[in-house]
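Structure data follow from run.cif (mmCIF, N, CA and C atoms):
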```cif
data_entry
#
loop_
_atom_site.label_atom_id
_atom_site.label_comp_id
_atom_site.auth_asym_id
_atom_site.auth_seq_id
_atom_site.Cartn_x
_atom_site.Cartn_y
_atom_site.Cartn_z
N MET H 1 30.65 15.19 12.45
CA MET H 1 29.77 15.89 11.52
C MET H 1 30.55 17.08 10.95
N ASN H 2 30.51 17.18 9.63
CA ASN H 2 31.20 18.32 9.04
C ASN H 2 30.18 19.40 8.64
N LYS H 3 30.69 20.58 8.37
CA LYS H 3 29.82 21.73 8.06
C LYS H 3 29.02 21.51 6.79
N ARG H 4 29.60 20.84 5.81
CA ARG H 4 28.89 20.58 4.55
C ARG H 4 27.68 19.69 4.81
N ASP H 5 27.89 18.61 5.57
CA ASP H 5 26.77 17.72 5.88
C ASP H 5 25.68 18.45 6.66
N GLU H 6 26.09 19.27 7.60
CA GLU H 6 25.13 20.04 8.38
C GLU H 6 24.34 21.01 7.49
N HIS H 7 25.02 21.66 6.57
CA HIS H 7 24.37 22.60 5.66
C HIS H 7 23.28 21.91 4.83
N PHE H 8 23.61 20.79 4.21
CA PHE H 8 22.64 20.09 3.36
C PHE H 8 21.52 19.45 4.18
N MET H 9 21.84 19.04 5.41
CA MET H 9 20.79 18.48 6.27
C MET H 9 19.79 19.58 6.67
N ARG H 10 20.26 20.78 6.84
CA ARG H 10 19.34 21.89 7.13
C ARG H 10 18.37 22.12 5.96
N LEU H 11 18.85 21.95 4.75
CA LEU H 11 17.96 22.04 3.58
C LEU H 11 16.93 20.91 3.61
N ALA H 12 17.36 19.72 3.99
CA ALA H 12 16.43 18.60 4.11
C ALA H 12 15.39 18.87 5.20
N LEU H 13 15.82 19.50 6.29
CA LEU H 13 14.88 19.87 7.36
C LEU H 13 13.84 20.87 6.88
N LYS H 14 14.22 21.77 5.99
CA LYS H 14 13.25 22.71 5.42
C LYS H 14 12.19 21.94 4.63
N GLU H 15 12.61 20.92 3.92
CA GLU H 15 11.66 20.09 3.19
C GLU H 15 10.75 19.33 4.16
N ALA H 16 11.32 18.86 5.27
CA ALA H 16 10.51 18.16 6.27
C ALA H 16 9.46 19.11 6.84
N GLU H 17 9.82 20.37 7.07
CA GLU H 17 8.86 21.37 7.55
C GLU H 17 7.74 21.58 6.54
N ALA H 18 8.09 21.60 5.26
CA ALA H 18 7.07 21.75 4.21
C ALA H 18 6.10 20.58 4.24
N ALA H 19 6.63 19.38 4.45
CA ALA H 19 5.77 18.19 4.56
C ALA H 19 4.84 18.31 5.76
N PHE H 20 5.41 18.73 6.89
CA PHE H 20 4.64 18.91 8.13
C PHE H 20 3.45 19.84 7.88
N GLU H 21 3.71 20.96 7.24
CA GLU H 21 2.66 21.95 6.98
C GLU H 21 1.56 21.41 6.08
N LYS H 22 1.87 20.40 5.27
CA LYS H 22 0.90 19.80 4.36
C LYS H 22 0.22 18.55 4.94
N GLY H 23 0.56 18.23 6.19
CA GLY H 23 -0.03 17.06 6.82
C GLY H 23 0.62 15.75 6.42
N GLU H 24 1.79 15.83 5.85
CA GLU H 24 2.56 14.64 5.48
C GLU H 24 3.52 14.29 6.61
N VAL H 25 3.89 13.03 6.72
CA VAL H 25 4.93 12.66 7.69
C VAL H 25 6.17 13.49 7.32
N PRO H 26 6.71 14.26 8.27
CA PRO H 26 7.74 15.23 7.94
C PRO H 26 9.14 14.65 7.74
N VAL H 27 9.33 14.16 6.53
CA VAL H 27 10.64 13.68 6.12
C VAL H 27 11.04 14.47 4.88
N GLY H 28 12.26 15.00 4.89
CA GLY H 28 12.77 15.75 3.76
C GLY H 28 14.05 15.15 3.26
N ALA H 29 14.31 15.34 1.96
CA ALA H 29 15.51 14.79 1.34
C ALA H 29 16.11 15.77 0.35
N VAL H 30 17.44 15.72 0.23
CA VAL H 30 18.19 16.55 -0.70
C VAL H 30 19.23 15.66 -1.36
N LEU H 31 19.30 15.72 -2.68
CA LEU H 31 20.29 14.97 -3.44
C LEU H 31 21.35 15.94 -3.93
N VAL H 32 22.62 15.61 -3.65
CA VAL H 32 23.73 16.51 -3.93
C VAL H 32 24.82 15.78 -4.71
N ALA H 33 25.37 16.46 -5.72
CA ALA H 33 26.54 15.96 -6.44
C ALA H 33 27.46 17.14 -6.73
N ASP H 34 28.74 16.96 -6.54
CA ASP H 34 29.72 18.02 -6.76
C ASP H 34 29.34 19.31 -6.03
N GLU H 35 28.88 19.15 -4.80
CA GLU H 35 28.49 20.29 -3.95
C GLU H 35 27.28 21.06 -4.46
N ASN H 36 26.60 20.53 -5.47
CA ASN H 36 25.41 21.18 -6.03
C ASN H 36 24.17 20.39 -5.69
N VAL H 37 23.11 21.09 -5.31
CA VAL H 37 21.82 20.44 -5.06
C VAL H 37 21.21 20.08 -6.41
N ILE H 38 20.92 18.80 -6.56
CA ILE H 38 20.31 18.31 -7.79
C ILE H 38 18.78 18.27 -7.65
N ALA H 39 18.32 17.84 -6.48
CA ALA H 39 16.88 17.72 -6.27
C ALA H 39 16.57 17.81 -4.78
N VAL H 40 15.37 18.30 -4.47
CA VAL H 40 14.86 18.33 -3.10
C VAL H 40 13.43 17.80 -3.13
N ALA H 41 13.03 17.17 -2.04
CA ALA H 41 11.66 16.64 -1.97
C ALA H 41 11.30 16.36 -0.53
N HIS H 42 10.01 16.18 -0.31
CA HIS H 42 9.52 15.73 0.99
C HIS H 42 8.44 14.68 0.74
N ASN H 43 8.11 13.96 1.78
CA ASN H 43 7.06 12.94 1.65
C ASN H 43 5.81 13.55 1.04
N SER H 44 5.18 12.79 0.15
CA SER H 44 3.96 13.28 -0.52
C SER H 44 2.93 12.17 -0.69
N LYS H 45 2.94 11.20 0.21
CA LYS H 45 2.01 10.08 0.09
C LYS H 45 0.55 10.52 0.18
N GLU H 46 0.25 11.40 1.11
CA GLU H 46 -1.13 11.83 1.30
C GLU H 46 -1.63 12.63 0.10
N ALA H 47 -0.82 13.54 -0.38
CA ALA H 47 -1.22 14.41 -1.49
C ALA H 47 -1.39 13.64 -2.80
N THR H 48 -0.55 12.63 -3.00
CA THR H 48 -0.56 11.90 -4.27
C THR H 48 -1.35 10.61 -4.22
N GLY H 49 -1.59 10.09 -3.02
CA GLY H 49 -2.22 8.78 -2.89
C GLY H 49 -1.29 7.66 -3.33
N ASP H 50 -0.01 7.96 -3.38
CA ASP H 50 1.01 7.02 -3.85
C ASP H 50 1.83 6.52 -2.67
N PRO H 51 1.75 5.22 -2.35
CA PRO H 51 2.49 4.71 -1.20
C PRO H 51 4.00 4.75 -1.39
N THR H 52 4.47 4.97 -2.62
CA THR H 52 5.92 5.05 -2.85
C THR H 52 6.43 6.49 -2.85
N ALA H 53 5.58 7.46 -2.56
CA ALA H 53 5.99 8.86 -2.63
C ALA H 53 6.76 9.29 -1.38
N HIS H 54 7.80 8.53 -1.07
CA HIS H 54 8.71 8.89 0.02
C HIS H 54 9.70 9.92 -0.51
N ALA H 55 10.17 10.78 0.35
CA ALA H 55 11.09 11.85 -0.04
C ALA H 55 12.31 11.30 -0.78
N GLU H 56 12.85 10.19 -0.30
CA GLU H 56 14.05 9.61 -0.92
C GLU H 56 13.80 9.18 -2.36
N LEU H 57 12.68 8.51 -2.59
CA LEU H 57 12.38 8.07 -3.95
C LEU H 57 12.13 9.25 -4.87
N LEU H 58 11.46 10.25 -4.37
CA LEU H 58 11.17 11.42 -5.19
C LEU H 58 12.44 12.15 -5.63
N VAL H 59 13.41 12.30 -4.73
CA VAL H 59 14.66 12.98 -5.13
C VAL H 59 15.49 12.12 -6.06
N ILE H 60 15.47 10.81 -5.85
CA ILE H 60 16.22 9.93 -6.76
C ILE H 60 15.63 10.00 -8.16
N ARG H 61 14.30 9.94 -8.26
CA ARG H 61 13.66 10.03 -9.58
C ARG H 61 13.98 11.36 -10.26
N GLU H 62 13.80 12.45 -9.52
CA GLU H 62 14.05 13.77 -10.10
C GLU H 62 15.52 13.94 -10.47
N GLY H 63 16.39 13.46 -9.60
CA GLY H 63 17.82 13.55 -9.87
C GLY H 63 18.23 12.80 -11.12
N ALA H 64 17.69 11.62 -11.31
CA ALA H 64 18.01 10.83 -12.51
C ALA H 64 17.57 11.55 -13.78
N VAL H 65 16.40 12.17 -13.71
CA VAL H 65 15.90 12.91 -14.88
C VAL H 65 16.81 14.12 -15.15
N LYS H 66 17.15 14.85 -14.10
CA LYS H 66 17.96 16.06 -14.28
C LYS H 66 19.36 15.78 -14.81
N VAL H 67 19.98 14.71 -14.30
CA VAL H 67 21.35 14.41 -14.76
C VAL H 67 21.35 13.51 -15.99
N GLY H 68 20.20 12.96 -16.34
CA GLY H 68 20.12 12.11 -17.53
C GLY H 68 20.81 10.79 -17.36
N GLU H 69 20.84 10.29 -16.14
CA GLU H 69 21.56 9.05 -15.85
C GLU H 69 20.99 8.43 -14.59
N TRP H 70 20.75 7.14 -14.61
CA TRP H 70 20.22 6.49 -13.41
C TRP H 70 21.31 6.13 -12.42
N ARG H 71 22.54 6.03 -12.88
CA ARG H 71 23.65 5.73 -11.98
C ARG H 71 24.12 7.04 -11.35
N MET H 72 24.07 7.13 -10.04
CA MET H 72 24.46 8.35 -9.34
C MET H 72 25.63 8.07 -8.41
N THR H 73 26.70 7.56 -8.99
CA THR H 73 27.84 7.09 -8.21
C THR H 73 28.60 8.19 -7.48
N ASP H 74 28.37 9.45 -7.84
CA ASP H 74 29.05 10.56 -7.17
C ASP H 74 28.11 11.36 -6.28
N ALA H 75 26.91 10.86 -6.07
CA ALA H 75 25.90 11.63 -5.35
C ALA H 75 25.79 11.22 -3.88
N THR H 76 25.38 12.20 -3.08
CA THR H 76 25.07 11.98 -1.67
C THR H 76 23.61 12.33 -1.46
N LEU H 77 22.90 11.47 -0.76
CA LEU H 77 21.51 11.76 -0.41
C LEU H 77 21.45 12.10 1.06
N TYR H 78 20.87 13.25 1.36
CA TYR H 78 20.65 13.71 2.73
C TYR H 78 19.18 13.52 3.03
N VAL H 79 18.87 12.85 4.12
CA VAL H 79 17.47 12.63 4.50
C VAL H 79 17.35 12.74 6.00
N THR H 80 16.24 13.30 6.46
CA THR H 80 16.08 13.61 7.88
C THR H 80 15.86 12.38 8.74
N LYS H 81 15.38 11.28 8.15
CA LYS H 81 15.12 10.05 8.92
C LYS H 81 15.73 8.87 8.19
N GLU H 82 16.20 7.92 8.95
CA GLU H 82 16.77 6.70 8.37
C GLU H 82 15.80 6.07 7.37
N PRO H 83 16.28 5.75 6.19
CA PRO H 83 15.40 5.20 5.13
C PRO H 83 14.83 3.82 5.46
N CYS H 84 13.67 3.56 4.87
CA CYS H 84 13.03 2.25 4.99
C CYS H 84 13.65 1.29 3.96
N VAL H 85 13.19 0.05 3.97
CA VAL H 85 13.70 -0.97 3.05
C VAL H 85 13.48 -0.56 1.59
N MET H 86 12.30 -0.05 1.27
CA MET H 86 12.00 0.34 -0.11
C MET H 86 12.98 1.42 -0.58
N CYS H 87 13.18 2.43 0.24
CA CYS H 87 14.06 3.53 -0.14
C CYS H 87 15.52 3.09 -0.19
N ALA H 88 15.92 2.25 0.74
CA ALA H 88 17.29 1.72 0.72
C ALA H 88 17.54 0.93 -0.55
N GLY H 89 16.57 0.14 -0.97
CA GLY H 89 16.71 -0.61 -2.22
C GLY H 89 16.87 0.30 -3.41
N ALA H 90 16.11 1.39 -3.44
CA ALA H 90 16.24 2.35 -4.54
C ALA H 90 17.61 3.00 -4.54
N MET H 91 18.14 3.29 -3.35
CA MET H 91 19.47 3.90 -3.26
C MET H 91 20.54 2.96 -3.80
N ILE H 92 20.41 1.69 -3.48
CA ILE H 92 21.36 0.70 -3.99
C ILE H 92 21.24 0.63 -5.51
N ASN H 93 20.03 0.57 -6.02
CA ASN H 93 19.83 0.49 -7.46
C ASN H 93 20.33 1.74 -8.18
N ALA H 94 20.26 2.90 -7.53
CA ALA H 94 20.76 4.14 -8.11
C ALA H 94 22.28 4.26 -7.98
N ARG H 95 22.89 3.34 -7.25
CA ARG H 95 24.34 3.33 -7.05
C ARG H 95 24.85 4.59 -6.35
N LEU H 96 24.04 5.10 -5.40
CA LEU H 96 24.48 6.28 -4.66
C LEU H 96 25.82 6.02 -3.97
N GLU H 97 26.62 7.05 -3.89
CA GLU H 97 27.90 6.92 -3.21
C GLU H 97 27.72 6.94 -1.69
N ARG H 98 26.82 7.82 -1.22
CA ARG H 98 26.78 8.11 0.21
C ARG H 98 25.38 8.50 0.64
N LEU H 99 25.02 8.09 1.85
CA LEU H 99 23.78 8.50 2.51
C LEU H 99 24.15 9.18 3.81
N VAL H 100 23.52 10.33 4.05
CA VAL H 100 23.66 11.03 5.33
C VAL H 100 22.25 11.20 5.87
N TYR H 101 22.00 10.66 7.06
CA TYR H 101 20.66 10.83 7.62
C TYR H 101 20.72 11.39 9.03
N GLY H 102 19.57 11.92 9.45
CA GLY H 102 19.48 12.56 10.76
C GLY H 102 19.20 11.58 11.87
N CYS H 103 17.94 11.20 12.04
CA CYS H 103 17.58 10.34 13.18
C CYS H 103 17.31 8.90 12.74
N ARG H 104 17.48 8.02 13.69
CA ARG H 104 17.26 6.60 13.44
C ARG H 104 15.76 6.29 13.39
N ASP H 105 15.45 5.18 12.74
CA ASP H 105 14.09 4.66 12.72
C ASP H 105 14.16 3.21 13.21
N GLU H 106 13.96 3.04 14.51
CA GLU H 106 14.12 1.73 15.14
C GLU H 106 13.15 0.68 14.60
N ARG H 107 11.98 1.11 14.13
CA ARG H 107 10.98 0.16 13.63
C ARG H 107 11.21 -0.26 12.19
N PHE H 108 11.58 0.69 11.33
CA PHE H 108 11.65 0.40 9.90
C PHE H 108 12.98 0.74 9.24
N GLY H 109 13.93 1.24 9.98
CA GLY H 109 15.20 1.69 9.41
C GLY H 109 15.98 0.57 8.73
N ALA H 110 16.46 0.86 7.52
CA ALA H 110 17.16 -0.16 6.74
C ALA H 110 18.62 0.16 6.49
N ALA H 111 19.14 1.20 7.16
CA ALA H 111 20.56 1.54 7.01
C ALA H 111 21.38 1.00 8.18
N ASN H 112 20.83 1.12 9.39
CA ASN H 112 21.56 0.68 10.59
C ASN H 112 20.66 0.05 11.65
N SER H 113 19.48 0.59 11.84
CA SER H 113 18.66 0.24 13.00
C SER H 113 18.10 -1.18 12.96
N ARG H 114 17.18 -1.43 12.06
CA ARG H 114 16.54 -2.75 11.99
C ARG H 114 17.23 -3.64 10.97
N TYR H 115 17.58 -3.07 9.83
CA TYR H 115 18.26 -3.79 8.76
C TYR H 115 19.52 -3.01 8.39
N GLN H 116 20.42 -3.68 7.73
CA GLN H 116 21.67 -3.04 7.30
C GLN H 116 21.87 -3.27 5.80
N LEU H 117 20.87 -2.91 5.01
CA LEU H 117 20.91 -3.17 3.57
C LEU H 117 22.01 -2.42 2.84
N LEU H 118 22.31 -1.22 3.25
CA LEU H 118 23.20 -0.38 2.47
C LEU H 118 24.66 -0.81 2.51
N HIS H 119 25.00 -1.68 3.43
CA HIS H 119 26.37 -2.20 3.44
C HIS H 119 26.37 -3.72 3.53
N ASP H 120 25.37 -4.33 2.91
CA ASP H 120 25.27 -5.79 2.84
C ASP H 120 26.23 -6.29 1.77
N PRO H 121 27.23 -7.08 2.15
CA PRO H 121 28.23 -7.55 1.17
C PRO H 121 27.64 -8.50 0.11
N GLY H 122 26.45 -9.02 0.35
CA GLY H 122 25.82 -9.91 -0.61
C GLY H 122 25.15 -9.18 -1.76
N LEU H 123 25.03 -7.86 -1.65
CA LEU H 123 24.40 -7.07 -2.71
C LEU H 123 25.48 -6.52 -3.65
N ASN H 124 25.05 -6.07 -4.82
CA ASN H 124 26.00 -5.63 -5.84
C ASN H 124 26.56 -4.23 -5.62
N HIS H 125 26.06 -3.51 -4.61
CA HIS H 125 26.55 -2.15 -4.35
C HIS H 125 26.39 -1.85 -2.87
N GLN H 126 27.37 -1.20 -2.29
CA GLN H 126 27.28 -0.76 -0.91
C GLN H 126 27.41 0.77 -0.88
N ILE H 127 26.76 1.36 0.10
CA ILE H 127 26.71 2.81 0.23
C ILE H 127 27.33 3.22 1.56
N ARG H 128 28.20 4.21 1.53
CA ARG H 128 28.75 4.74 2.77
C ARG H 128 27.65 5.48 3.50
N VAL H 129 27.55 5.25 4.80
CA VAL H 129 26.47 5.83 5.61
C VAL H 129 27.05 6.68 6.73
N VAL H 130 26.49 7.88 6.86
CA VAL H 130 26.79 8.76 7.99
C VAL H 130 25.46 9.02 8.69
N SER H 131 25.41 8.76 9.98
CA SER H 131 24.16 8.92 10.71
C SER H 131 24.31 9.98 11.81
N GLY H 132 23.16 10.47 12.27
CA GLY H 132 23.14 11.36 13.42
C GLY H 132 23.41 12.83 13.12
N VAL H 133 23.36 13.24 11.86
CA VAL H 133 23.60 14.64 11.52
C VAL H 133 22.33 15.44 11.86
N LEU H 134 22.46 16.39 12.75
CA LEU H 134 21.33 17.18 13.28
C LEU H 134 20.23 16.24 13.80
N GLU H 135 20.66 15.20 14.45
CA GLU H 135 19.76 14.15 14.93
C GLU H 135 18.62 14.69 15.79
N HIS H 136 18.92 15.56 16.71
CA HIS H 136 17.88 16.07 17.61
C HIS H 136 16.79 16.82 16.83
N GLU H 137 17.20 17.70 15.94
CA GLU H 137 16.24 18.47 15.15
C GLU H 137 15.39 17.57 14.25
N CYS H 138 16.04 16.57 13.66
CA CYS H 138 15.33 15.65 12.77
C CYS H 138 14.32 14.80 13.54
N ALA H 139 14.69 14.36 14.73
CA ALA H 139 13.78 13.56 15.55
C ALA H 139 12.64 14.43 16.09
N GLU H 140 12.96 15.65 16.45
CA GLU H 140 11.97 16.52 17.08
C GLU H 140 10.79 16.84 16.16
N ILE H 141 11.04 17.07 14.89
CA ILE H 141 9.93 17.38 13.99
C ILE H 141 9.00 16.18 13.84
N LEU H 142 9.55 14.99 13.84
CA LEU H 142 8.71 13.78 13.78
C LEU H 142 7.89 13.63 15.06
N LYS H 143 8.53 13.84 16.21
CA LYS H 143 7.81 13.75 17.49
C LYS H 143 6.67 14.76 17.55
N ARG H 144 6.96 15.98 17.12
CA ARG H 144 5.95 17.05 17.13
C ARG H 144 4.77 16.67 16.23
N PHE H 145 5.06 16.14 15.06
CA PHE H 145 4.02 15.74 14.11
C PHE H 145 3.12 14.67 14.71
N PHE H 146 3.72 13.62 15.28
CA PHE H 146 2.91 12.51 15.80
C PHE H 146 2.20 12.87 17.10
N ARG H 147 2.74 13.78 17.90
CA ARG H 147 2.03 14.27 19.09
C ARG H 147 0.72 14.93 18.70
N LEU H 148 0.73 15.66 17.62
CA LEU H 148 -0.49 16.35 17.16
C LEU H 148 -1.54 15.39 16.63
N ARG H 149 -1.14 14.22 16.22
CA ARG H 149 -2.09 13.27 15.62
C ARG H 149 -2.58 12.20 16.58
N ARG H 150 -2.04 12.18 17.78
CA ARG H 150 -2.46 11.14 18.73
C ARG H 150 -3.21 11.73 19.88
#
```
Here is the file; what I need is its structure written in the form of structure tokens.
Amino acid sequence: MNKRDEHFMRLALKEAEAAFEKGEVPVGAVLVADENVIAVAHNSKEATGDPTAHAELLVIREGAVKVGEWRMTDATLYVTKEPCVMCAGAMINARLERLVYGCRDERFGAANSRYQLLHDPGLNHQIRVVSGVLEHECAEILKRFFRLRR
């Protein structure tokens, strides 16, 4: 883990905390290109009533608007939890260069855990994946959230 990845993951954790405070599943995401933050977001499914309002999709959408381009070949997406199939598909379609995530999602993870979509040679784009950045902190906020709801 390098200091840059840790720095941007801490920003994603701040977004996850914002989601937690709003009663959303606490997942945060930060989109970065050329060491600059392009977009930040957290899950907003409950607030919007939109099942696609995952943090990853929200930052990809905002990032595309801000840079005026849907291809983000120089961008890195930082997210506190391993992305699901829907979000992994969006990352491939956005042509992201790199994904850095915190904790694994054994049930729905599509980067390494359950599926390996981001480096599937049968797809038209593969994404470099770094996992386990601030893993304990990223997992802990999810555990804390679900303990309160059960």
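For the atom pair formed by CA of Leu148 in chain H and CA of Glu46 in chain H, the distance is 16.5 Å, given to one decimal.
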### Task
Identify, with DSSP run on backbone atoms, the residues in range 13-113 of chain H assigned to strand (DSSP E or B), and express the list as a list in words.
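DSSP-assigned strand (DSSP E or B) residues in range 13-113 of chain H: Gly28, Ala29, Val30, Leu31, Val32, Ala33, Asn36, Val37, Ile38, Ala39, Val40, Ala41, His42, Ala75, Thr76, Leu77, Tyr78, Val79, Thr80, Lys81, Arg98, Leu99, Val100, Tyr101, Gly102 and Cys103 of chain H.
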### Task
Mind checking which residues fall within 8 Å of Phe108 in chain H, counting only C-alpha atoms, ignoring those fewer than 4 positions away in the same chain, and posting them as a PyMOL selection string?
chain H and resi 83-85+113-115
### Message
Using DSSP assignments from the backbone, pull out every residue in range 37-70 of chain H that falls under alpha helix (DSSP H) and give it to me as a ChimeraX atom specification.
### Response
/H:45-48,55-67
### Task
Apply the PyMOL selection byres (((chain H and resi 130 and name CA) around 7) and name CA) to the displayed file and report the matching residues as a ChimeraX atom specification.
/H:99-101,128-129,131
Give me a file of those residues, with N, CA and C atoms, as an mmCIF file, in the frame of the given file.
```cif
data_model
loop_
_atom_site.group_PDB
_atom_site.id
_atom_site.type_symbol
_atom_site.label_atom_id
_atom_site.label_comp_id
_atom_site.auth_asym_id
_atom_site.auth_seq_id
_atom_site.Cartn_x
_atom_site.Cartn_y
_atom_site.Cartn_z
ATOM 1 N N LEU H 99 25.020 8.090 1.850
ATOM 2 C CA LEU H 99 23.780 8.500 2.510
ATOM 3 C C LEU H 99 24.150 9.180 3.810
ATOM 4 N N VAL H 100 23.520 10.330 4.050
ATOM 5 C CA VAL H 100 23.660 11.030 5.330
ATOM 6 C C VAL H 100 22.250 11.200 5.870
ATOM 7 N N TYR H 101 22.000 10.660 7.060
ATOM 8 C CA TYR H 101 20.660 10.830 7.620
ATOM 9 C C TYR H 101 20.720 11.390 9.030
ATOM 10 N N ARG H 128 28.200 4.210 1.530
ATOM 11 C CA ARG H 128 28.750 4.740 2.770
ATOM 12 C C ARG H 128 27.650 5.480 3.500
ATOM 13 N N VAL H 129 27.550 5.250 4.800
ATOM 14 C CA VAL H 129 26.470 5.830 5.610
ATOM 15 C C VAL H 129 27.050 6.680 6.730
ATOM 16 N N SER H 131 25.410 8.760 9.980
ATOM 17 C CA SER H 131 24.160 8.920 10.710
ATOM 18 C C SER H 131 24.310 9.980 11.810
#
```
### Query
Quick one: distance from CA of Ala18 in chain H to atom N of Val65 in chain H in Å, one decimal?
22.4 Å
### Message
Selection in question (the file shown): the PyMOL selection byres (((chain H and resi 37-42 and name CA) around 9) and name CA). Which residues does it include, as a count of residues only?
### Response
36
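Residues selected in this file by the PyMOL selection byres ((chain H and resi 118) around 8) comprise Ala88, Gly89, Met91, Ile92, Ala110, Ala111, Asn112, Tyr115, Gln116, Leu117, His119, Asp120, Pro121, His125, Gln126, Ile127, Arg128 and Val129 of chain H.
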### Task
For atom C of Arg107 in chain H and CA of Trp70 in chain H, determine how far apart the two atoms are, in Å to one decimal place.
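For atom C of Arg107 in chain H relative to CA of Trp70 in chain H, the distance reads 28.0 Å.
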Add whatever atoms are absent from range 83-89 of chain H to reach all heavy atoms, and provide the output as a tab-separated table (two decimals), in the coordinates of the input.
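Contents of selection.tsv, freshly written:
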```tsv
chain	number	residue	atom	x	y	z
H	83	PRO	N	16.28	5.75	6.19
H	83	PRO	CA	15.40	5.20	5.13
H	83	PRO	C	14.83	3.82	5.46
H	83	PRO	O	15.44	3.03	6.17
H	83	PRO	CB	16.32	5.11	3.92
H	83	PRO	CG	17.47	6.00	4.22
H	83	PRO	CD	17.61	6.00	5.71
H	84	CYS	N	13.67	3.56	4.87
H	84	CYS	CA	13.03	2.25	4.99
H	84	CYS	C	13.65	1.29	3.96
H	84	CYS	O	14.50	1.67	3.16
H	84	CYS	CB	11.52	2.39	4.73
H	84	CYS	SG	11.09	2.81	3.03
H	85	VAL	N	13.19	0.05	3.97
H	85	VAL	CA	13.70	-0.97	3.05
H	85	VAL	C	13.48	-0.56	1.59
H	85	VAL	O	14.38	-0.70	0.75
H	85	VAL	CB	13.04	-2.34	3.35
H	85	VAL	CG1	13.38	-3.36	2.28
H	85	VAL	CG2	13.46	-2.83	4.73
H	86	MET	N	12.30	-0.05	1.27
H	86	MET	CA	12.00	0.34	-0.11
H	86	MET	C	12.98	1.42	-0.58
H	86	MET	O	13.55	1.32	-1.68
H	86	MET	CB	10.57	0.87	-0.20
H	86	MET	CG	10.20	1.43	-1.57
H	86	MET	SD	8.49	2.04	-1.65
H	86	MET	CE	8.55	3.45	-0.54
H	87	CYS	N	13.18	2.43	0.24
H	87	CYS	CA	14.06	3.53	-0.14
H	87	CYS	C	15.52	3.09	-0.19
H	87	CYS	O	16.27	3.50	-1.07
H	87	CYS	CB	13.88	4.70	0.81
H	87	CYS	SG	12.22	5.44	0.66
H	88	ALA	N	15.92	2.25	0.74
H	88	ALA	CA	17.29	1.72	0.72
H	88	ALA	C	17.54	0.93	-0.55
H	88	ALA	O	18.60	1.05	-1.17
H	88	ALA	CB	17.54	0.86	1.97
H	89	GLY	N	16.57	0.14	-0.97
H	89	GLY	CA	16.71	-0.61	-2.22
H	89	GLY	C	16.87	0.30	-3.41
H	89	GLY	O	17.70	0.06	-4.30
```
